[in-house]
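Colleague: One structure is given below, represented as structure tokens, and several questions about it will come after.
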Amino acid sequence: MSPTSAYFASHLRHEICVRNHEYARAHKLAHVESYGAVPVIVYQPDGERHGNFLDETYAAILSNPEWRKRLDKIHAQARSSLPKTGYRWKELDSGNSSDALLMNVFCYPGVLQNERMVSLLGVEGDARATFGFKARVPLSSGRCDRTEVDLKLGSLLIEAKLTESDFQTRDAEVVRGYRDFKRVFETKALPAAEGKFLSYQLIRNVLAADANQCSFCVLLDQRRPDLMEQWYAVMRCVRAGDLRVRCKVLTWQELCVVLPELLCEFLDAKYGIGAPGQQPAIVFNGKELGPEDPTLGG
């Protein structure tokens, strides 16, 4: 991870932790704080409610057996970083979870039938949402990669990011083990360091889009210019023009332009995410939240 990525990731992580702390307190939501200098807010399900989701979204998730399975993924750091309450903490309980943000948006009732959303993403009007899609990217060995893609929406694969530090790294030999790696990429131009390829998740997902004849989109926060730079560093190495055209990047903020008002209010309060050029209702000054300063415009 570069110093630049560390800075932007840390700053956004801090802001979202502060926002979730205030959101959980204001709405009297069941939650705990993780251990550490900047505590992450982790929500505990409470009957038909879950503080990490809008009520409408959570009800839709519970009513869909495939979506509901995503709620069961165990939090990998729970034993060392979270208080013991008798409840087994899950990954999507975390207020910093990009997967929870993804489901808040795409499981919200009516979003997938919204013509403006469909047009923005470039998907079919009847696109079905599959979270944790097994893309089965071919390996040179004849086997397939078993890693999941965050979301398959019709013929579009989506990778979601929020406070993650980067797109991960992987040993060069592992990456070269993908069957179509040399055909798809200008391999010598890909970002690499110390025997590892950087932005491994982007490389893998572009290969997944190629293998499945899909498009690929990365969803980022506009407060993460470091991740945007990493995206372009990989995209300029894609050989085929038709595949490069099928790969794009959007920000959560750009999605807000076509999302329902109630969902936008939720994203604003909990994540500080609003439409481009729009000041959050409650601003973050780097340390705490406060009312919007009229001198800032917006």
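Residue numbers start at 1 in each chain; chains themselves are named A, B, ... in the order of the structure tokens; ligands are numbered from 1 in the order shown.
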May I have the residues within 6 Å of stretch 38-55 of chain A as a list in words, using only C-alpha atoms and disregarding those fewer than 2 positions away in the same chain?
Modeller: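 Result of the neighbour search: Cys17, Leu29, Ala30, His31, Val32, Glu33, Ser34, Tyr35, Gly36, Thr57, Tyr58, Asp93, Ser94, Gly95 and Asn104 of chain A.
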Colleague: Can you list, as an MDAnalysis selection string, every protein, DNA or RNA residue that comes within 9 Å of stretch 107-113 of chain A when you count only C-alpha atoms, leaving out same-chain residues fewer than 6 positions away?
Modeller: chainID A and resid 54 56:58 60:61 67 125:129 258:260 263
Colleague: Hey, which of A:Arg68, A:Arg204, A:Lys196, A:Arg246 ends up closest to A:Val234? Count only C-alpha atoms.
Modeller: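 Under the stated criterion, the closest residue is A:Arg204.
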Colleague: Using DSSP on the backbone coordinates, identify all residues within stretch 22-122 of chain A classified as alpha helix (DSSP H); present the result as number ranges by chain.
Modeller: A: 22-26, 55-62, 65-69, 78-81, 98-106, 115-121
Colleague: Keeping C-alpha atoms, export the residues of the selection given above as a PDB file, in the first residue's frame.
Modeller:
ATOM      1  CA  GLU A  22     -23.556   9.472  15.488  1.00  0.00           C
ATOM      2  CA  TYR A  23     -26.040   7.594  13.276  1.00  0.00           C
ATOM      3  CA  ALA A  24     -26.273   4.650  15.692  1.00  0.00           C
ATOM      4  CA  ARG A  25     -26.675   6.973  18.678  1.00  0.00           C
ATOM      5  CA  ALA A  26     -29.286   9.199  17.028  1.00  0.00           C
ATOM      6  CA  ASP A  55     -35.440  -1.028   7.021  1.00  0.00           C
ATOM      7  CA  GLU A  56     -36.782  -1.344   3.461  1.00  0.00           C
ATOM      8  CA  THR A  57     -33.506  -2.836   2.232  1.00  0.00           C
ATOM      9  CA  TYR A  58     -33.220  -5.245   5.148  1.00  0.00           C
ATOM     10  CA  ALA A  59     -36.781  -6.494   4.636  1.00  0.00           C
ATOM     11  CA  ALA A  60     -36.017  -7.111   0.944  1.00  0.00           C
ATOM     12  CA  ILE A  61     -32.837  -9.031   1.832  1.00  0.00           C
ATOM     13  CA  LEU A  62     -34.630 -11.204   4.379  1.00  0.00           C
ATOM     14  CA  PRO A  65     -33.136 -16.562   0.226  1.00  0.00           C
ATOM     15  CA  GLU A  66     -30.050 -15.960  -1.955  1.00  0.00           C
ATOM     16  CA  TRP A  67     -29.496 -12.433  -0.679  1.00  0.00           C
ATOM     17  CA  ARG A  68     -30.127 -13.510   2.909  1.00  0.00           C
ATOM     18  CA  LYS A  69     -27.219 -15.982   2.762  1.00  0.00           C
ATOM     19  CA  ALA A  78     -14.315 -10.606  15.384  1.00  0.00           C
ATOM     20  CA  ARG A  79     -12.401 -12.597  18.026  1.00  0.00           C
ATOM     21  CA  SER A  80      -9.559 -10.111  18.244  1.00  0.00           C
ATOM     22  CA  SER A  81     -11.294  -6.822  17.501  1.00  0.00           C
ATOM     23  CA  SER A  98     -18.453  -2.049   1.209  1.00  0.00           C
ATOM     24  CA  ASP A  99     -20.569  -5.194   0.689  1.00  0.00           C
ATOM     25  CA  ALA A 100     -23.205  -3.824   3.074  1.00  0.00           C
ATOM     26  CA  LEU A 101     -23.170  -0.527   1.180  1.00  0.00           C
ATOM     27  CA  LEU A 102     -23.553  -2.429  -2.092  1.00  0.00           C
ATOM     28  CA  MET A 103     -26.585  -4.328  -0.792  1.00  0.00           C
ATOM     29  CA  ASN A 104     -28.108  -1.180   0.691  1.00  0.00           C
ATOM     30  CA  VAL A 105     -28.133   0.292  -2.803  1.00  0.00           C
ATOM     31  CA  PHE A 106     -29.024  -2.638  -5.034  1.00  0.00           C
ATOM     32  CA  GLU A 115     -34.771   3.171 -15.958  1.00  0.00           C
ATOM     33  CA  ARG A 116     -32.200   5.841 -15.116  1.00  0.00           C
ATOM     34  CA  MET A 117     -30.193   3.370 -13.018  1.00  0.00           C
ATOM     35  CA  VAL A 118     -30.381   0.724 -15.729  1.00  0.00           C
ATOM     36  CA  SER A 119     -29.170   3.265 -18.297  1.00  0.00           C
ATOM     37  CA  LEU A 120     -26.329   4.507 -16.088  1.00  0.00           C
ATOM     38  CA  LEU A 121     -25.021   0.984 -15.495  1.00  0.00           C
TER      39      LEU A 121
END
Colleague: Closest to A:Val206 among A:Asp268, A:Arg176, A:Val137, A:Ala233, using only C-alpha atoms?
Modeller: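 Ranking A:Asp268, A:Arg176, A:Val137, A:Ala233 by distance to A:Val206, first place goes to A:Val137.
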Colleague: Need to verify the contact set: A:Phe133, 7 Å, only C-alpha atoms, exclusion of same-chain residues closer than 2 positions in sequence. Can you return it as a list of chain:residue names?
Modeller: A:Thr130, A:Phe131, A:Ala135, A:Glu148, A:Val149, A:Asp150, A:Leu151, A:Lys152
Colleague: Using only C-alpha atoms, pick whichever of A:Leu202, A:Leu82, A:Leu162, A:Leu156 has the shortest atom-to-atom distance to A:Ile273.
Modeller: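 Checking each candidate against A:Ile273, we get A:Leu162 as the closest.
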Colleague: Suppose you want the space between atom CA of A:Glu288 and atom CA of A:Glu15; what is it in Å?
Modeller: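 It comes out at 8.0 Å.
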Colleague: Expressed in Å to a single decimal, how great is the separation between atom CA of A:Asn20 and atom CA of A:Lys270?
Modeller: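 Atom CA of A:Lys270 lies 5.6 Å from atom CA of A:Asn20.
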Colleague: Interatomic distance between atom CA of A:Val123 and atom CA of A:Gly154?
Modeller: 6.3 Å
Colleague: Might you pull out every residue within 8 Å of A:Gln253, with only C-alpha atoms counted and same-chain residues fewer than 3 positions away left off, and present them as a list of chain:residue names?
Modeller: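 Once the adjacent positions are removed, what remains is A:Asp221, A:Gln222, A:Cys256, A:Val257, A:Ile273, A:Gly274, A:Ala275, A:Pro276.
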Colleague: Looking only at the backbone, which of the residues in stretch 55-298 of chain A does DSSP tag as strand (DSSP E), as an mmCIF file with C-alpha atoms, in the first residue's frame?
Modeller:
data_model
loop_
_atom_site.group_PDB
_atom_site.id
_atom_site.type_symbol
_atom_site.label_atom_id
_atom_site.label_comp_id
_atom_site.auth_asym_id
_atom_site.auth_seq_id
_atom_site.Cartn_x
_atom_site.Cartn_y
_atom_site.Cartn_z
ATOM 1 C CA ALA A 129 -28.728 -9.306 -8.838
ATOM 2 C CA THR A 130 -26.426 -12.132 -7.735
ATOM 3 C CA PHE A 131 -24.137 -11.271 -4.819
ATOM 4 C CA GLY A 132 -20.927 -13.279 -4.464
ATOM 5 C CA PHE A 133 -20.955 -14.481 -8.091
ATOM 6 C CA LYS A 134 -18.533 -17.326 -8.804
ATOM 7 C CA GLU A 148 -16.169 -14.458 -5.955
ATOM 8 C CA VAL A 149 -17.133 -11.185 -7.657
ATOM 9 C CA ASP A 150 -19.060 -8.830 -5.363
ATOM 10 C CA LEU A 151 -22.113 -8.547 -7.622
ATOM 11 C CA LYS A 152 -23.308 -9.793 -10.994
ATOM 12 C CA LEU A 153 -26.118 -7.625 -12.297
ATOM 13 C CA LEU A 156 -22.397 -6.656 -15.567
ATOM 14 C CA LEU A 157 -19.811 -7.648 -12.942
ATOM 15 C CA ILE A 158 -19.335 -5.141 -10.108
ATOM 16 C CA GLU A 159 -16.486 -4.728 -7.626
ATOM 17 C CA ALA A 160 -17.358 -2.458 -4.681
ATOM 18 C CA ARG A 170 -0.736 -11.236 -5.500
ATOM 19 C CA ASP A 171 2.455 -13.154 -6.299
ATOM 20 C CA ALA A 192 4.107 -4.579 -10.090
ATOM 21 C CA ALA A 193 6.610 -4.491 -7.241
ATOM 22 C CA LYS A 196 3.945 -9.175 -7.008
ATOM 23 C CA PHE A 197 1.302 -7.669 -9.252
ATOM 24 C CA SER A 215 -18.989 -5.918 -18.738
ATOM 25 C CA PHE A 216 -17.129 -4.853 -15.600
ATOM 26 C CA CYS A 217 -17.614 -1.850 -13.310
ATOM 27 C CA VAL A 218 -15.749 -0.721 -10.221
ATOM 28 C CA LEU A 219 -17.778 1.301 -7.710
ATOM 29 C CA LEU A 220 -15.598 3.721 -5.727
ATOM 30 C CA CYS A 247 -14.877 -1.842 -18.389
ATOM 31 C CA LYS A 248 -15.819 1.316 -16.504
ATOM 32 C CA VAL A 249 -15.650 3.059 -13.157
ATOM 33 C CA LEU A 250 -18.464 4.851 -11.331
ATOM 34 C CA THR A 251 -18.617 6.525 -7.941
ATOM 35 C CA ILE A 282 -23.828 17.146 8.137
ATOM 36 C CA VAL A 283 -20.230 17.955 7.240
ATOM 37 C CA PHE A 284 -17.085 16.311 8.587
ATOM 38 C CA LEU A 289 -19.419 16.228 12.552
ATOM 39 C CA GLY A 290 -21.125 19.599 12.492
ATOM 40 C CA PRO A 291 -23.931 21.445 10.678
#
Colleague: Would you list the contacts of A:Thr169 as a ChimeraX atom specification, taking every protein, DNA or RNA residue within 12 Å and counting only C-alpha atoms, but skipping same-chain residues closer than 3 positions in sequence?
Modeller: /A:1-2,165-166,172-175,190-204,230
Colleague: Rank nothing, just name the residue among A:Lys84, A:Lys90, A:Lys287, A:Lys73 nearest to A:Arg19, using only C-alpha atoms.
Modeller: A:Lys287
